[in-house]
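> Quick one: the structure is below, and I'll ask about it shortly.
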Amino acid sequence: MLRVDSSKPCQIVYAICKHEYLSYVIEPHIVQLNPNGEFSLTHQRLFSNTAKEFSNCIDETDVKLVKMLEDLEQGAIIRKYHKKAIRPIEFFSKTFNEQFFETIRPKMEKRMVEALGLMRNKEVYQMSKEGYPAGKKLQIATEEASVLFHFRRNETEIRYFPTIKYQGLRIEFMFKNAEIISNHPAWMLLDDTLYYFDKDIEGKKLLPFLNKRYIAIPRSSEQSYFEKFVAPLIEKHHVYAEGFKINNEKHEATPVLKPIYVEGGISQLQLYFKYADYVFPFGDGRQVSVRIEKNGDEYTFHRVKRSISWEKGQLQLLENMGLKMVTSLFQNLEVNTAEEEVDHSFSVFEWLNQHHDELIAKGFELEQPEGQKRYLFGSSKIDLEVKEGNDWFDIHAVVHFGPYQIPFIELRNHILNRKKEFILPSGEIAVIPEKWFSQYGNLLAFAEHDKNLKLRKHHIGLINDLDDGAMAGVAINRKLQRLTDFEQMDEVDMPVNFTGTLRHYQKAGYNWFHFLKDYNFGGCLADDMGLGKTIQTLALLQKNKEEAELAGGKATSLIIMPTSLIYNWLNEATKFAPQLKLMIHTGALRNKIAGHFEHYDVVITTYGISRIDIDVLKGFYFDYIILDESQNIKNPSSKSFKSVKLLKSRFKLILSGTPVENSVNDLWTQMSFINPGLLGSQQFFINEFVTPIEKKKDEEKARKLQALIKPFVLRRTKEQVATELPPKTENLFYSKMSDEQAEVYENVKSEYRNELLKSLEDGTFAKSQMQVLQGLIKLRQIANHPSMIDDNYEGDSGKFEDVTHTLNNVLDGGHKVLIFSQFVKQLTIYRQHFEKEHIPYLYLDGSTQNRGEIVKKFQEDEKTRVFLISIKAGGVGLNLTEADYVFILDPWWNPAVEQQAIDRTHRIGQTKNVFIYKFITKDSVEEKILALQQRKLKLSSALITTEESFIKSLSPEDIKEILG
């Protein structure tokens with residue numbers, strides 16, 4: 001039951017009282033008023049839950065204070081620190097101790113001081129000894145009191161005591177029953193007033209003097225007393241001294257930076273400030289710093305006032321320049337960088353050098369780190385000049401470290417081995433900037449050196465890179481500069497006896513070949529498949545022949561290629577450069593005398609033969625050596641690469657639509673073949689480029705590699721030259737049968753030929769015509785793959801190898817392809833291959849039900865790029881405009897059917913140029929059918945519409961020719 005009746009007048013009072021264990025606290029009480037308005041003896045302690053009852057006699061501030069002061073109530077304190085319920089008497093007798101008091105009292109005082117701030121206009125009392133809250137009325141001081149500490153030093157001792165001033169007058173507080181009710185900040189109850197103080201003083205500094213006039217310190221302990229007690233006091237408070245001096249001083253300050261070198265770790269910078277001869281660290285929180293000077297028996301305290309806001313401004317400057325404050329035990333600075341690769345032990349030195357001039361201009365002093373090493377602080381730069389010689393670029397370079405100049409060549413080993421410290425002639429250490437390792441690492445790795453640095457001509461890419469980055473003054477031939485811009489090559493006349501015209505981009509490739517020739521560089525023509533690498537090369541070889549003959553000499557070149565390409569080269573050469581004398585250096589009966597080559601303009605051989613005949617080939621000095629599909633030598637440990645490296649020639653070229661098949665590493669062998677040394681040793685190339693690019697996705701390294709090889713690799717994609725291409729381009733691709741395949745083919749062929757000759761002799765040809773035609777179909781199947789007629793066939797097929805190889809190139813370029821065959825069995829062989837190699841594909845033949853869904857998937861799904869189609873099922877009604885390559889695996893008797901197949905992709909809605917590859921097996925019935933097709937084309941387009949009618953139109957002579 002409430003003792004105070006809230007319906008009658010009452011008053012809230014705040015009572016200062018002393019708890020037996022917790023020291024001074026403040027309690028809110030509600031006191032009933034008598035009818036005459038004076039306090040009655042009825043009162044009760046007020047809490048948040050009971051305060052609502054008295055809303056008529058308390059205001060908002062009171063509600064706030066009641067809640068605040070609840071934290072000081074013993075029950076609340078016990079609950080906070082003792083989870084189980086416990087009686088207060090038990091808690092204070094058993095759990096409570098001095099340590100607990102030291103922990104909790106500062107938190108209580110924080111709360112009390114907050115409350116006192118809100119109690120200025122409230123009724124404040126000192127509780128009576130009997131516990132009556134409205135005991136003695138108190139007032140809160142209206143302003144801060146100040147304390148002056150006095151020290152009097154005489155012959156025997158130092159006497160120390162404080163005096164207090166309030167409102168300009170000194171107040172006596174010693175022997176006056178004063179109480180310290182809060183230690184920090186100090187609040188003192190004296191008579192009926194609660195005093196508080198300036199300078200954030202602690203109550204315990206006043207406590208000894210409540211009942212004592214002074215404290216005496218004997219002269220024997222004075223030095224330690226001055227250092228430990230008096231100096232910190234002078235720093236923070238008003239001090240009056242007799243017998244020693246206190247000088248108040250103000251000085252201009254200088255900011256100082258000093259590195260702390262942490263080997264293998266993160267180095268830091270210390271920031272401190274010099275005020276005249278005094279040095280103070282940043283962030284120690286002191287407005288004033290005191291230094292003691294002892295001169296004989298005289299003591300002087302130098303009280304130095306610091307400019308805290310100016311000090312913070314200096315830190316802000318440094319942070320704006322890229323440092324960050326690390327708050328640990330010491331407030332030091334680190335370089336603010338997210339790069340993990342960098343060696344952070346030197347980052348502060350680099351930062352100091354980079355900002356050296358700005359720091360000095362802003363008044364900073366730089367100090368040496370601890371230890372024996374002396375570092376040079378100053379800005380560093382490299383003056384680099386490149387001059388073009390006959391076969392070299394001469395590099396003249398001087399490094400400036402502060403006032404010192406050092407020949408760049410002296411830094412070579414440091415930069416290549418990532419050694420950051422370079423010892424100058426003075427013995428000081430210059431720290432090499434991190435950037436230089438990446439900017440100049442390649443330059444030094446590739447440069448040859450005696451007294452000066454030289455760079456082989458083919459490292460033009462490095463020079464251009466320096467030029468682009470404005471890292472060097474580059475003086476080189478403007479013509480040589482064009483290597484980076486293929487459009488600007490000099491025009492070279494076409495050879496007289498070249499039959500055909502080159503498209504604009506092909507002519508640019510032809511000009512580029514001559515540019516390389518002028519400078520004795522090797523090159524890689526890496527145009528997309530189908531853009532005519534062969535025709536550009538043939539134009540070059542024909543021109544080469546004509547120029548050699550004009551000069552009264554002869555030039556023999558060597559082309560090495562996969563076996564499957566031999567017939568294509570022969571065909572193209574016959575078509576475009578009929579005057580080139582070609583020698584095919586293959587087969588069991590090939591001539592193995594090197595001298596024999598000189599009777600020819602071009603020797604054509606395969607990678608396999610070049611390995612076997614390396615001793616023959618390396619004995620001849622060729623004009624050009626050209627590798628077609630040069631990714632064949634991508635493996636540095638392969639015999640193919642080792643063999644071609646032994647060959648000798650004036651010029652070297654490689655052709656490849658996919659110079660990088662699996663890894664950046666594929667480039668090394670091919671580039672080393674055309675320009676030895678261009679990419680350094682293989683190990684260097686792996687460490688410097690392959691690993692960073694592939695494992696760490698390092699874009700800067702990829703860019704540097706690009707700069708190195710760019711002048712020697714010409715690549716145009718189908719998309720880049722689309723406007724120059726006809727809507728569709730047909731290519732015949734000749735394949736050679738493998739040995740086992742040829743054997744199966746010959747056996748079946750002679751069997752049917754004998755039948756035919758017999759039937760022609762005895763006049764039964766008309767009757768056996770169908771049987772002969774069956775034979776022809778069988779031969780066509782063997783020409784594709786013998787396993788089509790014999791499930792147990794173990795050997796390979798020339799055409800199958802060629803198709804899968806060509807297909808890989810197309811897929812590597814990101815294209816979509818339709819593959820047509822009239823034999824479901826042939827398509828099955830490819831399906832098995834795709835499944836084994838995990839190549840996604842779609843399939844359609846006469847039995848396919850959901851044609852619409854399959855077509856939709858091919859048109860829309862990025863990942864599915866191969867569509868196998870049987871000609872009978874796919875000849876009509878399909879719209880496959882996503883494909884831009886068409887492979888026709890076997891020729892049809894009727895060309896019109898072939899055309900229908902091609903029109904699946906080459907139709908309205910097709911925005912890309914379409915390439916059609918027809919695969920023909922050399923020396924087989926397929927080649928004969930092709931010739932017949934040409935002859936009967938006019939006839940067939942007019943009359944023939946079906947296979948049967950085409951076959952019926954064949955005369956015995958035609959069939960004899962086919963089986964010939």
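Simple scheme: letters A, B, ... for chains in structure tokens order, numbers from 1 for residues in each chain, numbers from 1 for ligands in the order shown.
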Neighbours of A:Glu629 within 7 Å (only C-alpha atoms; same-chain residues fewer than 4 positions away dropped), as a ChimeraX atom specification?
/A:561,655-656
> Among stretch 261-369 of chain A, which residues carry a DSSP assignment of strand (DSSP E), reported as a PyMOL selection string?
chain A and resi 268-275+278-281+288-295+298-305+323-327+331-335+365-366
> With C-alpha atoms retained, write the just-selected residues as a PDB file, in the first residue's frame.

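Output file out28.pdb follows:
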ATOM      1  CA  GLN A 268      54.665   1.920 -40.506  1.00  0.00           C
ATOM      2  CA  LEU A 269      55.377   5.617 -40.028  1.00  0.00           C
ATOM      3  CA  GLN A 270      55.490   7.367 -36.686  1.00  0.00           C
ATOM      4  CA  LEU A 271      54.083  10.881 -36.666  1.00  0.00           C
ATOM      5  CA  TYR A 272      55.301  13.227 -33.961  1.00  0.00           C
ATOM      6  CA  PHE A 273      55.731  16.930 -33.415  1.00  0.00           C
ATOM      7  CA  LYS A 274      58.679  19.040 -32.400  1.00  0.00           C
ATOM      8  CA  TYR A 275      57.849  22.145 -30.358  1.00  0.00           C
ATOM      9  CA  TYR A 278      60.469  19.066 -27.223  1.00  0.00           C
ATOM     10  CA  VAL A 279      59.102  16.072 -29.090  1.00  0.00           C
ATOM     11  CA  PHE A 280      55.557  14.753 -28.598  1.00  0.00           C
ATOM     12  CA  PRO A 281      53.917  11.760 -30.317  1.00  0.00           C
ATOM     13  CA  VAL A 288      49.950  20.554 -22.667  1.00  0.00           C
ATOM     14  CA  SER A 289      53.204  18.676 -22.299  1.00  0.00           C
ATOM     15  CA  VAL A 290      55.706  19.290 -19.531  1.00  0.00           C
ATOM     16  CA  ARG A 291      59.455  18.732 -19.599  1.00  0.00           C
ATOM     17  CA  ILE A 292      61.671  19.078 -16.471  1.00  0.00           C
ATOM     18  CA  GLU A 293      65.068  20.739 -16.623  1.00  0.00           C
ATOM     19  CA  LYS A 294      67.422  20.325 -13.631  1.00  0.00           C
ATOM     20  CA  ASN A 295      70.364  22.633 -13.304  1.00  0.00           C
ATOM     21  CA  GLU A 298      67.493  24.408  -9.609  1.00  0.00           C
ATOM     22  CA  TYR A 299      64.379  22.874 -11.209  1.00  0.00           C
ATOM     23  CA  THR A 300      62.544  24.418 -14.140  1.00  0.00           C
ATOM     24  CA  PHE A 301      59.283  22.966 -15.495  1.00  0.00           C
ATOM     25  CA  HIS A 302      58.722  23.874 -19.151  1.00  0.00           C
ATOM     26  CA  ARG A 303      54.971  23.843 -19.698  1.00  0.00           C
ATOM     27  CA  VAL A 304      54.542  23.624 -23.480  1.00  0.00           C
ATOM     28  CA  LYS A 305      51.126  24.318 -24.924  1.00  0.00           C
ATOM     29  CA  LEU A 323      48.139   6.982 -45.421  1.00  0.00           C
ATOM     30  CA  LYS A 324      45.788   5.502 -42.841  1.00  0.00           C
ATOM     31  CA  MET A 325      45.947   5.593 -39.053  1.00  0.00           C
ATOM     32  CA  VAL A 326      46.314   2.199 -37.394  1.00  0.00           C
ATOM     33  CA  THR A 327      44.951   2.262 -33.881  1.00  0.00           C
ATOM     34  CA  GLN A 331      48.897   5.380 -33.195  1.00  0.00           C
ATOM     35  CA  ASN A 332      51.073   4.825 -36.263  1.00  0.00           C
ATOM     36  CA  LEU A 333      50.413   5.247 -39.972  1.00  0.00           C
ATOM     37  CA  GLU A 334      50.423   2.699 -42.793  1.00  0.00           C
ATOM     38  CA  VAL A 335      50.112   3.075 -46.554  1.00  0.00           C
ATOM     39  CA  GLU A 365      60.911  16.583 -41.427  1.00  0.00           C
ATOM     40  CA  LEU A 366      61.860  13.003 -42.297  1.00  0.00           C
TER      41      LEU A 366
END
> Write out as a list in words which residues come within 12 Å of A:Phe100 when counting only C-alpha atoms, dropping same-chain ones fewer than 3 positions away.
Tyr21, Leu22, Ile77, Ile78, Tyr81, His82, Phe91, Phe92, Lys94, Thr95, Phe96, Asn97, Thr103, Ile104, Arg105, Pro106 and Lys107 of chain A
> Go through A:Asp958, A:Tyr261, A:Ala539, A:Gly389 and flag the residue nearest A:Ala931, using only C-alpha atoms for the distances.
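When distances to A:Ala931 are compared using only C-alpha atoms, the smallest one comes from A:Asp958.
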> Can you tell me, as JSON, numbers by chain, which residues in stretch 619-783 of chain A count as alpha helix (DSSP H) by DSSP?
{"A": [639, 640, 641, 642, 643, 644, 645, 646, 666, 667, 668, 669, 670, 671, 672, 673, 674, 682, 683, 684, 685, 691, 692, 693, 694, 695, 699, 700, 701, 702, 703, 704, 705, 706, 707, 708, 709, 739, 740, 741, 742, 743, 744, 745, 746, 747, 748, 749, 750, 751, 752, 753, 754, 755, 756, 757, 758, 759, 760, 761, 765, 766, 767, 768, 769, 770, 771, 772, 773, 774, 775, 776, 777, 778, 779, 780, 781, 782, 783]}
> For A:Leu538, work out the shell of residues within 9 Å, counting only C-alpha atoms and skipping chain neighbours fewer than 6 positions away, then give it as a PyMOL selection string.
chain A and resi 498+569+572-573+576-577+580
> Residues as selected, N, CA and C atoms, written as a PDB file, in the first residue's frame, can you do that?

ATOM      1  N   PHE A 498      49.642 -14.013-110.716  1.00  0.00           N
ATOM      2  CA  PHE A 498      48.695 -14.490-109.709  1.00  0.00           C
ATOM      3  C   PHE A 498      47.316 -14.394-110.320  1.00  0.00           C
ATOM      4  N   TRP A 569      46.124 -27.325-100.371  1.00  0.00           N
ATOM      5  CA  TRP A 569      47.175 -26.410-100.832  1.00  0.00           C
ATOM      6  C   TRP A 569      47.430 -26.601-102.328  1.00  0.00           C
ATOM      7  N   GLU A 572      44.530 -25.072-104.314  1.00  0.00           N
ATOM      8  CA  GLU A 572      44.545 -23.605-104.287  1.00  0.00           C
ATOM      9  C   GLU A 572      45.705 -23.069-105.136  1.00  0.00           C
ATOM     10  N   ALA A 573      46.865 -23.756-105.030  1.00  0.00           N
ATOM     11  CA  ALA A 573      48.041 -23.293-105.779  1.00  0.00           C
ATOM     12  C   ALA A 573      47.767 -23.398-107.277  1.00  0.00           C
ATOM     13  N   PHE A 576      45.376 -20.443-108.070  1.00  0.00           N
ATOM     14  CA  PHE A 576      45.788 -19.045-107.938  1.00  0.00           C
ATOM     15  C   PHE A 576      47.221 -18.750-108.378  1.00  0.00           C
ATOM     16  N   ALA A 577      48.098 -19.751-108.230  1.00  0.00           N
ATOM     17  CA  ALA A 577      49.502 -19.496-108.594  1.00  0.00           C
ATOM     18  C   ALA A 577      50.016 -20.660-109.436  1.00  0.00           C
ATOM     19  N   LEU A 580      53.798 -21.636-109.831  1.00  0.00           N
ATOM     20  CA  LEU A 580      54.678 -22.120-108.761  1.00  0.00           C
ATOM     21  C   LEU A 580      54.986 -23.591-108.990  1.00  0.00           C
TER      22      LEU A 580
END
> Restricting the calculation to only C-alpha atoms: of A:Ala594, A:Ile625, A:Val803, A:Val348, which residue gets closest to A:Met321?
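The answer is A:Val348, which sits nearest to A:Met321.
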> Please compute the atom CA of A:Asp5-atom CA of A:Asn49 distance, one decimal, in Å.
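Interatomic distance, atom CA of A:Asp5 to atom CA of A:Asn49: 15.8 Å.
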> Could you list, as a VMD selection string, every residue within 10 Å of stretch 441-448 of chain A, counting only C-alpha atoms and ignoring same-chain residues fewer than 4 positions away?
chain A and resid 392 to 395 408 to 409 411 to 418 435 to 437 452 to 456 459 462 to 463 465 to 466 677 to 681 684 688 704 to 705 708
> Using only C-alpha atoms, determine which residues lie at most 9 Å from A:Asp845, disregarding the query and same-chain residues fewer than 3 positions distant; provide the list as a list in words.
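Skipping anything fewer than 3 positions along the chain leaves Val824, Thr848, Leu868, Ile869, Ser870, Ile871, Lys872, Ala873 and Gly874 of chain A.
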> Would you write out those residues with N, CA and C atoms, as an mmCIF file, in the first residue's frame?

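What ended up in result-v6.cif:
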data_model
loop_
_atom_site.group_PDB
_atom_site.id
_atom_site.type_symbol
_atom_site.label_atom_id
_atom_site.label_comp_id
_atom_site.auth_asym_id
_atom_site.auth_seq_id
_atom_site.Cartn_x
_atom_site.Cartn_y
_atom_site.Cartn_z
ATOM 1 N N VAL A 824 22.904 -42.120 -92.231
ATOM 2 C CA VAL A 824 22.627 -42.071 -90.788
ATOM 3 C C VAL A 824 23.776 -42.742 -90.032
ATOM 4 N N THR A 848 12.972 -38.334 -86.324
ATOM 5 C CA THR A 848 12.852 -37.349 -85.229
ATOM 6 C C THR A 848 11.438 -36.800 -85.159
ATOM 7 N N LEU A 868 23.756 -32.107 -86.019
ATOM 8 C CA LEU A 868 23.942 -33.190 -87.003
ATOM 9 C C LEU A 868 22.598 -33.445 -87.694
ATOM 10 N N ILE A 869 22.618 -33.436 -89.023
ATOM 11 C CA ILE A 869 21.341 -33.563 -89.737
ATOM 12 C C ILE A 869 21.496 -34.546 -90.900
ATOM 13 N N SER A 870 20.519 -35.457 -91.027
ATOM 14 C CA SER A 870 20.559 -36.322 -92.212
ATOM 15 C C SER A 870 19.903 -35.547 -93.353
ATOM 16 N N ILE A 871 20.508 -35.640 -94.521
ATOM 17 C CA ILE A 871 20.129 -34.769 -95.646
ATOM 18 C C ILE A 871 18.669 -34.949 -96.035
ATOM 19 N N LYS A 872 18.182 -36.195 -95.950
ATOM 20 C CA LYS A 872 16.798 -36.432 -96.382
ATOM 21 C C LYS A 872 15.824 -35.755 -95.430
ATOM 22 N N ALA A 873 16.180 -35.782 -94.123
ATOM 23 C CA ALA A 873 15.259 -35.193 -93.140
ATOM 24 C C ALA A 873 15.396 -33.679 -93.103
ATOM 25 N N GLY A 874 16.605 -33.176 -93.354
ATOM 26 C CA GLY A 874 16.835 -31.754 -93.108
ATOM 27 C C GLY A 874 16.874 -30.911 -94.341
#
> Leaving out A:Ser182 and any residue of its chain fewer than 2 positions from it, which residues lie within 10 Å of it when counting only C-alpha atoms, given as a ChimeraX atom specification?
/A:23-25,105-106,108-110,112-113,179-180,184-189,196,202-204
> For the selection just defined, write its residues with C-alpha atoms to a file, as a PDB file, in the first residue's frame.

ATOM      1  CA  SER A  23      29.512   5.394  -1.159  1.00  0.00           C
ATOM      2  CA  TYR A  24      27.389   8.414  -2.164  1.00  0.00           C
ATOM      3  CA  VAL A  25      24.236   7.958  -4.216  1.00  0.00           C
ATOM      4  CA  ARG A 105      31.972   3.110  -8.852  1.00  0.00           C
ATOM      5  CA  PRO A 106      33.117   5.010 -12.037  1.00  0.00           C
ATOM      6  CA  MET A 108      27.802   4.962 -10.943  1.00  0.00           C
ATOM      7  CA  GLU A 109      29.513   8.360 -10.878  1.00  0.00           C
ATOM      8  CA  LYS A 110      28.956   8.814 -14.597  1.00  0.00           C
ATOM      9  CA  MET A 112      25.256  10.659 -10.892  1.00  0.00           C
ATOM     10  CA  VAL A 113      26.995  13.489 -12.736  1.00  0.00           C
ATOM     11  CA  GLU A 179      32.572  15.388   1.605  1.00  0.00           C
ATOM     12  CA  ILE A 180      33.784  14.209  -1.821  1.00  0.00           C
ATOM     13  CA  HIS A 184      35.775  11.716 -11.392  1.00  0.00           C
ATOM     14  CA  PRO A 185      34.818  14.318 -12.203  1.00  0.00           C
ATOM     15  CA  ALA A 186      35.089  15.710  -8.662  1.00  0.00           C
ATOM     16  CA  TRP A 187      31.972  16.973  -6.825  1.00  0.00           C
ATOM     17  CA  MET A 188      32.351  18.195  -3.273  1.00  0.00           C
ATOM     18  CA  LEU A 189      29.653  18.884  -0.664  1.00  0.00           C
ATOM     19  CA  TYR A 196      32.143  21.032  -9.205  1.00  0.00           C
ATOM     20  CA  GLU A 202      39.742  14.099  -9.577  1.00  0.00           C
ATOM     21  CA  GLY A 203      38.275  14.080  -6.093  1.00  0.00           C
ATOM     22  CA  LYS A 204      41.136  12.023  -4.709  1.00  0.00           C
TER      23      LYS A 204
END
> Using only C-alpha atoms, can you tell me which of A:Val664, A:Ile654, A:Leu757, A:Ile460 comes closest to A:Thr691?
A:Val664
> As an exercise, work out the distance from atom CA of A:Leu779 to atom CA of A:Lys928 in Å and give it to one decimal place.
11.7 Å
> Between A:Val886, A:Ile839, A:Ile382, A:Cys10, which is the closest to A:Ser821 once you count only C-alpha atoms?
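Smallest distance to A:Ser821 is found for A:Val886.
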> For A:Leu41, which residue out of A:Val4, A:Val721, A:Leu233, A:Met737 is the nearest one, using only C-alpha atoms?
A:Val4
> My list of candidates is A:Lys545, A:Val616, A:Val262, A:Ser40. Which is closest to A:Gly371 when distances are computed with only C-alpha atoms?
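Selected residue with least distance to A:Gly371: A:Val262.
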